Amino acid sequence: MSLRKKAIVTGSNKGIGYALAKQLIINNYDVWLGARDTELGQAAAKKLGANFLRMDVTKTESLKEALKTYSLQNSSLDLLINNAGIALYGQDGPPSTASVQATRDTFAVNFFGALDVTQVFLPFLKKASNSQILNISSALGSLAMLSDTTGPLNSIPLAVGYSASKASLNALTILLAKELGPNGIRVNSVCPGSVNTDMNIAGQLTPDETAKNIVSLILDAGFATGKFAQLNGTYPW
Ligand SMILES: NC(=O)c1ccc[n+]([C@@H]2O[C@H](COP(=O)([O-])OP(=O)(O)OC[C@H]3O[C@@H](n4cnc5c(N)ncnc54)[C@H](OP(=O)(O)O)[C@@H]3O)[C@@H](O)[C@H]2O)c1
C-alpha cells in the first residue's frame, strides 16, 4: 500500500476535475480518478498516471462497486473532491419555464451525487487523520448573492436547477462540517471561478489555473472548515 496521501476526484476525465487530479499528482497525492465513462476515464487516468475508478455519481450501485475496487488497495482516504456536475443549458432556466425533469436531473448529479459519494466513502475518510471533503460549488449557488438586487449576479441569466442544486450542496457542506468536525474532517465548498471547460465555453480561467488555486487551499494546513471559498477569500452563503 502506498504511503502517499490518497485522493478521489469525481467527474475528473475532463475539465476542472482532470486539472485537479493533475495538480494533486504534482503534489504527490495518489489520485483515484472517478469517471462515469470507462473508456474516457481510463484514458484520462493513463495520461496522468492516476488510478481509475468507474463512478456514476447518480448510481449507488456504481459507487459501491467503486468502493470495493478502492478498498482492495486502500484502507483510508485523505481527500474527497465532489467535482462531478452538470448544467443543462436550454432545459434549465428561470423557475417559470425550467423543465422540472431537467431540474431533477441536475439535482441528481450536483446534490444527490455528492451526498451519496460522501456517504459511501465516509468510513475511509474517518480512518485518515486530517482528511478533507471539498465540494465544487458555484457563486450561482450563493443565496446571499442571488438575493442581492444590485450585485454581480443580476447581469447574467440564471437557471433554477443549477443555482438551487449548488445552494443545496452548500447546505450539505455546512451540515457535514458541523457533523464531522469532531472526527477531524474538514468540509468546504469552493467556487472555481469562471473556467473555460465544456460546461462554460466563455470561462476566462484555464482549468489548470483554477486547479492550482484550489489545490493550494487543500494543502494549506490553516484552511478552515465550513467555509465557501473562492479564489480570493470566501463567498457569503
Ligand atoms: N466551468 C465553470 O466556470 C464552473 C464554475 C463554477 C462551478 N463549476 C463546477 O465545477 C465542476 C466541474 O465542471 P467543469 O466546468 O469542469 O465541467 P465539465 O468539463 O463539463 O466536466 C464535468 C465532469 O462531470 C462529469 N459528470 C457529469 N455527470 C456525471 C455523473 N453522473 N457521474 C460522474 N461524473 C459525471 C462529466 O463526465 P462526462 O465527461 O462523462 O460527461 C465531467 O467529467 C462542476 O461541479 C461545475 O458545476 C464550474
# chains A, B, ... in the order shown; residues from 1 in each chain; ligands from 1
call {"tool": "closest_atom_pairs", "arguments": {"of": "chain A", "to": "ligand 1", "cutoff": "6 Å", "atoms": "only C-alpha atoms and all ligand atoms", "output": "JSON lines"}}
result
{"residue": "A:Thr10", "atom": "CA", "partner": "ligand 1", "partner_atom_place_in_ligand_line": "34 (N)", "distance": 6.0}
{"residue": "A:Gly11", "atom": "CA", "partner": "ligand 1", "partner_atom_place_in_ligand_line": "43 (O)", "distance": 3.6}
{"residue": "A:Ser12", "atom": "CA", "partner": "ligand 1", "partner_atom_place_in_ligand_line": "43 (O)", "distance": 4.7}
{"residue": "A:Asn13", "atom": "CA", "partner": "ligand 1", "partner_atom_place_in_ligand_line": "43 (O)", "distance": 4.7}
{"residue": "A:Lys14", "atom": "CA", "partner": "ligand 1", "partner_atom_place_in_ligand_line": "43 (O)", "distance": 4.9}
{"residue": "A:Gly15", "atom": "CA", "partner": "ligand 1", "partner_atom_place_in_ligand_line": "16 (O)", "distance": 3.5}
{"residue": "A:Ile16", "atom": "CA", "partner": "ligand 1", "partner_atom_place_in_ligand_line": "16 (O)", "distance": 3.8}
{"residue": "A:Gly17", "atom": "CA", "partner": "ligand 1", "partner_atom_place_in_ligand_line": "16 (O)", "distance": 5.7}
{"residue": "A:Ala35", "atom": "CA", "partner": "ligand 1", "partner_atom_place_in_ligand_line": "34 (N)", "distance": 5.1}
{"residue": "A:Arg36", "atom": "CA", "partner": "ligand 1", "partner_atom_place_in_ligand_line": "33 (C)", "distance": 4.5}
{"residue": "A:Asp37", "atom": "CA", "partner": "ligand 1", "partner_atom_place_in_ligand_line": "40 (O)", "distance": 5.4}
{"residue": "A:Met55", "atom": "CA", "partner": "ligand 1", "partner_atom_place_in_ligand_line": "33 (C)", "distance": 5.6}
{"residue": "A:Asp56", "atom": "CA", "partner": "ligand 1", "partner_atom_place_in_ligand_line": "32 (N)", "distance": 3.6}
{"residue": "A:Val57", "atom": "CA", "partner": "ligand 1", "partner_atom_place_in_ligand_line": "32 (N)", "distance": 4.0}
{"residue": "A:Thr58", "atom": "CA", "partner": "ligand 1", "partner_atom_place_in_ligand_line": "31 (N)", "distance": 4.9}
{"residue": "A:Asn83", "atom": "CA", "partner": "ligand 1", "partner_atom_place_in_ligand_line": "45 (O)", "distance": 4.6}
{"residue": "A:Ala84", "atom": "CA", "partner": "ligand 1", "partner_atom_place_in_ligand_line": "24 (O)", "distance": 3.6}
{"residue": "A:Gly85", "atom": "CA", "partner": "ligand 1", "partner_atom_place_in_ligand_line": "45 (O)", "distance": 3.6}
{"residue": "A:Ile86", "atom": "CA", "partner": "ligand 1", "partner_atom_place_in_ligand_line": "27 (C)", "distance": 5.3}
{"residue": "A:Val109", "atom": "CA", "partner": "ligand 1", "partner_atom_place_in_ligand_line": "31 (N)", "distance": 5.3}
{"residue": "A:Ile136", "atom": "CA", "partner": "ligand 1", "partner_atom_place_in_ligand_line": "45 (O)", "distance": 5.2}
{"residue": "A:Ser137", "atom": "CA", "partner": "ligand 1", "partner_atom_place_in_ligand_line": "7 (C)", "distance": 5.3}
{"residue": "A:Ser138", "atom": "CA", "partner": "ligand 1", "partner_atom_place_in_ligand_line": "6 (C)", "distance": 4.2}
{"residue": "A:Cys191", "atom": "CA", "partner": "ligand 1", "partner_atom_place_in_ligand_line": "6 (C)", "distance": 5.5}
{"residue": "A:Pro192", "atom": "CA", "partner": "ligand 1", "partner_atom_place_in_ligand_line": "6 (C)", "distance": 5.3}
{"residue": "A:Gly193", "atom": "CA", "partner": "ligand 1", "partner_atom_place_in_ligand_line": "5 (C)", "distance": 5.3}
{"residue": "A:Ser194", "atom": "CA", "partner": "ligand 1", "partner_atom_place_in_ligand_line": "3 (O)", "distance": 3.6}
{"residue": "A:Val195", "atom": "CA", "partner": "ligand 1", "partner_atom_place_in_ligand_line": "3 (O)", "distance": 3.7}
{"residue": "A:Asn196", "atom": "CA", "partner": "ligand 1", "partner_atom_place_in_ligand_line": "1 (N)", "distance": 5.7}
{"residue": "A:Thr197", "atom": "CA", "partner": "ligand 1", "partner_atom_place_in_ligand_line": "19 (O)", "distance": 4.6}
{"residue": "A:Asp198", "atom": "CA", "partner": "ligand 1", "partner_atom_place_in_ligand_line": "19 (O)", "distance": 4.5}
{"residue": "A:Met199", "atom": "CA", "partner": "ligand 1", "partner_atom_place_in_ligand_line": "20 (O)", "distance": 4.2}
{"residue": "A:Asn200", "atom": "CA", "partner": "ligand 1", "partner_atom_place_in_ligand_line": "1 (N)", "distance": 4.8}
{"residue": "A:Gly203", "atom": "CA", "partner": "ligand 1", "partner_atom_place_in_ligand_line": "3 (O)", "distance": 5.4}
call {"tool": "write_last_selection", "arguments": {"atoms": "C-alpha atoms", "output": "PDB file, in the first residue's frame"}}
result
ATOM      1  CA  THR A  10     -15.314  12.634  -9.123  1.00  0.00           C
ATOM      2  CA  GLY A  11     -16.009  13.603 -12.738  1.00  0.00           C
ATOM      3  CA  SER A  12     -12.318  14.005 -13.473  1.00  0.00           C
ATOM      4  CA  ASN A  13     -11.997  12.653 -17.007  1.00  0.00           C
ATOM      5  CA  LYS A  14     -12.003  16.276 -18.237  1.00  0.00           C
ATOM      6  CA  GLY A  15     -12.384  19.924 -17.263  1.00  0.00           C
ATOM      7  CA  ILE A  16     -11.715  21.158 -13.732  1.00  0.00           C
ATOM      8  CA  GLY A  17     -11.735  17.635 -12.272  1.00  0.00           C
ATOM      9  CA  ALA A  35     -15.468   8.964 -14.187  1.00  0.00           C
ATOM     10  CA  ARG A  36     -18.774   7.533 -15.338  1.00  0.00           C
ATOM     11  CA  ASP A  37     -17.436   6.504 -18.746  1.00  0.00           C
ATOM     12  CA  MET A  55     -18.172   6.127 -10.704  1.00  0.00           C
ATOM     13  CA  ASP A  56     -21.535   7.309 -11.956  1.00  0.00           C
ATOM     14  CA  VAL A  57     -22.442   9.555  -9.049  1.00  0.00           C
ATOM     15  CA  THR A  58     -26.165   9.125  -9.748  1.00  0.00           C
ATOM     16  CA  ASN A  83     -16.481  17.766  -8.541  1.00  0.00           C
ATOM     17  CA  ALA A  84     -18.879  15.964 -10.919  1.00  0.00           C
ATOM     18  CA  GLY A  85     -21.523  18.416 -12.058  1.00  0.00           C
ATOM     19  CA  ILE A  86     -23.850  19.259 -14.886  1.00  0.00           C
ATOM     20  CA  VAL A 109     -25.667  14.881 -10.080  1.00  0.00           C
ATOM     21  CA  ILE A 136     -17.040  22.119  -6.029  1.00  0.00           C
ATOM     22  CA  SER A 137     -19.834  24.645  -5.842  1.00  0.00           C
ATOM     23  CA  SER A 138     -20.578  27.900  -7.628  1.00  0.00           C
ATOM     24  CA  CYS A 191     -16.237  28.194  -6.326  1.00  0.00           C
ATOM     25  CA  PRO A 192     -13.621  27.642  -9.032  1.00  0.00           C
ATOM     26  CA  GLY A 193     -14.406  30.960 -10.764  1.00  0.00           C
ATOM     27  CA  SER A 194     -15.404  31.235 -14.411  1.00  0.00           C
ATOM     28  CA  VAL A 195     -13.399  28.457 -16.043  1.00  0.00           C
ATOM     29  CA  ASN A 196     -13.112  27.555 -19.709  1.00  0.00           C
ATOM     30  CA  THR A 197     -14.495  23.998 -19.944  1.00  0.00           C
ATOM     31  CA  ASP A 198     -17.185  22.162 -21.907  1.00  0.00           C
ATOM     32  CA  MET A 199     -19.650  23.440 -19.279  1.00  0.00           C
ATOM     33  CA  ASN A 200     -18.598  27.079 -19.691  1.00  0.00           C
ATOM     34  CA  GLY A 203     -14.891  30.915 -18.991  1.00  0.00           C
TER      35      GLY A 203
END
call {"tool": "residues_around", "arguments": {"residues": "A:Glu39", "least_positions_apart": "4", "cutoff": "12 Å", "atoms": "only C-alpha atoms", "output": "list in words"}}
result
Asn13, Gly34, Ala35, Ala43, Ala44, Ala45, Lys46, Phe52, Leu53 and Arg54 of chain A
call {"tool": "closest_residue", "arguments": {"among": "A:Glu179, A:Asp116, A:Asp92, A:Asp78", "to": "A:Val31", "atoms": "only C-alpha atoms"}}
result
A:Asp78
call {"tool": "atom_distance", "arguments": {"atom1": "atom CA of A:Gln132", "atom2": "atom CA of A:Arg4"}}
result
15.0 Å
call {"tool": "residues_around", "arguments": {"residues": "stretch 216-220 of chain A", "least_positions_apart": "6", "cutoff": "9 Å", "atoms": "only C-alpha atoms", "output": "short mmCIF file (atom, residue, chain, number, x, y, z; two decimals) with N, CA and C atoms, in the first residue's frame"}}
result
data_model
loop_
_atom_site.label_atom_id
_atom_site.label_comp_id
_atom_site.auth_asym_id
_atom_site.auth_seq_id
_atom_site.Cartn_x
_atom_site.Cartn_y
_atom_site.Cartn_z
N ASN A 27 1.53 17.28 -6.63
CA ASN A 27 1.79 17.48 -5.20
C ASN A 27 1.83 16.15 -4.43
N LEU A 79 -8.66 12.66 0.98
CA LEU A 79 -9.33 13.79 0.31
C LEU A 79 -10.38 13.28 -0.67
N GLN A 132 -10.20 15.54 4.32
CA GLN A 132 -10.99 16.67 3.82
C GLN A 132 -12.01 16.23 2.79
N LEU A 134 -14.09 18.28 -0.23
CA LEU A 134 -14.23 19.57 -0.90
C LEU A 134 -15.34 19.45 -1.94
N ALA A 229 -15.22 28.86 -0.04
CA ALA A 229 -14.02 29.53 -0.54
C ALA A 229 -14.17 29.94 -2.00
#
call {"tool": "closest_residue", "arguments": {"among": "A:Phe228, A:Tyr18, A:Tyr162, A:Phe223", "to": "A:Leu140", "atoms": "only C-alpha atoms"}}
result
A:Tyr162
call {"tool": "residues_around", "arguments": {"residues": "stretch 163-173 of chain A", "least_positions_apart": "6", "cutoff": "7 Å", "atoms": "only C-alpha atoms", "output": "PyMOL selection string"}}
result
chain A and resi 106-107+110-111+137-138+140-143+187-189+226
call {"tool": "select_by_dssp", "arguments": {"residues": "stretch 55-108 of chain A", "states": "strand (DSSP E or B)", "output": "ChimeraX atom specification"}}
result
/A:79-82,89,92
call {"tool": "write_last_selection", "arguments": {"atoms": "N, CA and C atoms", "output": "compact mmCIF listing (two decimals), in the first residue's frame"}}
result
# COMPACT_ATOMS: atom_id res chain seq x y z
N LEU A 79 -8.66 12.66 0.98
CA LEU A 79 -9.33 13.79 0.31
C LEU A 79 -10.38 13.28 -0.67
N LEU A 80 -11.59 13.77 -0.49
CA LEU A 80 -12.65 13.50 -1.46
C LEU A 80 -13.06 14.82 -2.09
N ILE A 81 -12.97 14.91 -3.41
CA ILE A 81 -13.45 16.13 -4.10
C ILE A 81 -14.71 15.76 -4.90
N ASN A 82 -15.83 16.31 -4.45
CA ASN A 82 -17.09 16.14 -5.17
C ASN A 82 -17.13 17.20 -6.26
N TYR A 89 -28.07 23.41 -20.07
CA TYR A 89 -28.45 24.62 -20.80
C TYR A 89 -29.62 24.32 -21.74
N ASP A 92 -32.76 23.91 -18.39
CA ASP A 92 -32.76 24.58 -17.10
C ASP A 92 -32.82 26.09 -17.40
call {"tool": "residues_around", "arguments": {"residues": "A:Ala98", "least_positions_apart": "5", "cutoff": "12 Å", "atoms": "only C-alpha atoms", "output": "PDB file with N, CA and C atoms, in the first residue's frame"}}
result
ATOM      1  N   LEU A  88     -27.659  21.946 -17.410  1.00  0.00           N
ATOM      2  CA  LEU A  88     -28.443  21.559 -18.585  1.00  0.00           C
ATOM      3  C   LEU A  88     -28.974  22.790 -19.316  1.00  0.00           C
ATOM      4  N   TYR A  89     -28.070  23.410 -20.067  1.00  0.00           N
ATOM      5  CA  TYR A  89     -28.446  24.623 -20.804  1.00  0.00           C
ATOM      6  C   TYR A  89     -29.623  24.323 -21.736  1.00  0.00           C
ATOM      7  N   GLY A  90     -30.550  25.263 -21.831  1.00  0.00           N
ATOM      8  CA  GLY A  90     -31.678  25.088 -22.751  1.00  0.00           C
ATOM      9  C   GLY A  90     -32.874  24.441 -22.083  1.00  0.00           C
ATOM     10  N   GLN A  91     -32.625  23.579 -21.082  1.00  0.00           N
ATOM     11  CA  GLN A  91     -33.740  22.937 -20.376  1.00  0.00           C
ATOM     12  C   GLN A  91     -33.910  23.549 -18.993  1.00  0.00           C
ATOM     13  N   ASP A  92     -32.763  23.913 -18.393  1.00  0.00           N
ATOM     14  CA  ASP A  92     -32.757  24.584 -17.099  1.00  0.00           C
ATOM     15  C   ASP A  92     -32.821  26.087 -17.398  1.00  0.00           C
ATOM     16  N   GLY A  93     -33.535  26.827 -16.607  1.00  0.00           N
ATOM     17  CA  GLY A  93     -33.645  28.258 -16.868  1.00  0.00           C
ATOM     18  C   GLY A  93     -34.422  28.913 -15.753  1.00  0.00           C
ATOM     19  N   THR A 103     -34.482  19.884 -13.929  1.00  0.00           N
ATOM     20  CA  THR A 103     -34.108  20.322 -12.575  1.00  0.00           C
ATOM     21  C   THR A 103     -33.799  19.102 -11.703  1.00  0.00           C
ATOM     22  N   ARG A 104     -34.664  18.073 -11.809  1.00  0.00           N
ATOM     23  CA  ARG A 104     -34.393  16.828 -11.061  1.00  0.00           C
ATOM     24  C   ARG A 104     -33.067  16.204 -11.488  1.00  0.00           C
ATOM     25  N   ASP A 105     -32.826  16.182 -12.804  1.00  0.00           N
ATOM     26  CA  ASP A 105     -31.593  15.560 -13.311  1.00  0.00           C
ATOM     27  C   ASP A 105     -30.357  16.323 -12.817  1.00  0.00           C
ATOM     28  N   THR A 106     -30.477  17.635 -12.738  1.00  0.00           N
ATOM     29  CA  THR A 106     -29.355  18.457 -12.266  1.00  0.00           C
ATOM     30  C   THR A 106     -29.090  18.180 -10.782  1.00  0.00           C
ATOM     31  N   LEU A 158     -29.943  33.323 -15.047  1.00  0.00           N
ATOM     32  CA  LEU A 158     -29.756  32.294 -14.013  1.00  0.00           C
ATOM     33  C   LEU A 158     -30.719  31.135 -14.237  1.00  0.00           C
ATOM     34  N   ALA A 159     -30.287  29.957 -13.852  1.00  0.00           N
ATOM     35  CA  ALA A 159     -31.077  28.747 -14.061  1.00  0.00           C
ATOM     36  C   ALA A 159     -31.398  28.129 -12.708  1.00  0.00           C
ATOM     37  N   VAL A 160     -32.676  27.817 -12.485  1.00  0.00           N
ATOM     38  CA  VAL A 160     -33.094  27.394 -11.143  1.00  0.00           C
ATOM     39  C   VAL A 160     -32.454  26.068 -10.724  1.00  0.00           C
ATOM     40  N   GLY A 161     -32.390  25.102 -11.635  1.00  0.00           N
ATOM     41  CA  GLY A 161     -31.838  23.788 -11.255  1.00  0.00           C
ATOM     42  C   GLY A 161     -30.387  23.899 -10.832  1.00  0.00           C
ATOM     43  N   TYR A 162     -29.596  24.637 -11.627  1.00  0.00           N
ATOM     44  CA  TYR A 162     -28.172  24.759 -11.311  1.00  0.00           C
ATOM     45  C   TYR A 162     -27.978  25.512  -9.997  1.00  0.00           C
TER      46      TYR A 162
END
call {"tool": "select_by_dssp", "arguments": {"residues": "stretch 48-97 of chain A", "states": "helix (DSSP H, G or I)", "output": "PyMOL selection string"}}
result
chain A and resi 48+60-73
call {"tool": "residues_around", "arguments": {"residues": "A:Ser155", "least_positions_apart": "6", "cutoff": "12 Å", "atoms": "only C-alpha atoms", "output": "PyMOL selection string"}}
result
chain A and resi 145-146+148-149
call {"tool": "write_last_selection", "arguments": {"atoms": "N, CA and C atoms", "output": "PDB file, in the first residue's frame"}}
result
ATOM      1  N   MET A 145     -25.787  36.135  -2.616  1.00  0.00           N
ATOM      2  CA  MET A 145     -25.533  36.836  -3.881  1.00  0.00           C
ATOM      3  C   MET A 145     -26.767  36.809  -4.788  1.00  0.00           C
ATOM      4  N   LEU A 146     -27.505  35.685  -4.766  1.00  0.00           N
ATOM      5  CA  LEU A 146     -28.722  35.599  -5.591  1.00  0.00           C
ATOM      6  C   LEU A 146     -29.763  36.625  -5.148  1.00  0.00           C
ATOM      7  N   ASP A 148     -29.133  39.520  -3.700  1.00  0.00           N
ATOM      8  CA  ASP A 148     -28.625  40.896  -3.742  1.00  0.00           C
ATOM      9  C   ASP A 148     -29.079  41.535  -5.062  1.00  0.00           C
ATOM     10  N   THR A 149     -30.013  42.450  -4.980  1.00  0.00           N
ATOM     11  CA  THR A 149     -30.623  43.004  -6.204  1.00  0.00           C
ATOM     12  C   THR A 149     -29.701  43.957  -6.959  1.00  0.00           C
TER      13      THR A 149
END
call {"tool": "atom_distance", "arguments": {"atom1": "atom CA of A:Leu205", "atom2": "atom CA of A:Val9"}}
result
19.9 Å
call {"tool": "closest_residue", "arguments": {"among": "A:Phe112, A:Asn130, A:Lys59, A:Asn135", "to": "A:Ile8", "atoms": "only C-alpha atoms"}}
result
A:Asn135
call {"tool": "atom_distance", "arguments": {"atom1": "atom CA of A:Pro182", "atom2": "atom CA of A:Ser75"}}
result
20.5 Å
call {"tool": "residues_around", "arguments": {"residues": "A:Gly49", "least_positions_apart": "5", "cutoff": "12 Å", "atoms": "only C-alpha atoms", "output": "PyMOL selection string"}}
result
chain A and resi 18+21-26+28-33+41-44
call {"tool": "closest_residue", "arguments": {"among": "A:Pro152, A:Ala139, A:Lys64, A:Ala144", "to": "A:Val117", "atoms": "only C-alpha atoms"}}
result
A:Lys64
call {"tool": "closest_residue", "arguments": {"among": "A:Ile133, A:Leu231, A:Leu3, A:Val100", "to": "A:Ala177", "atoms": "only C-alpha atoms"}}
result
A:Ile133
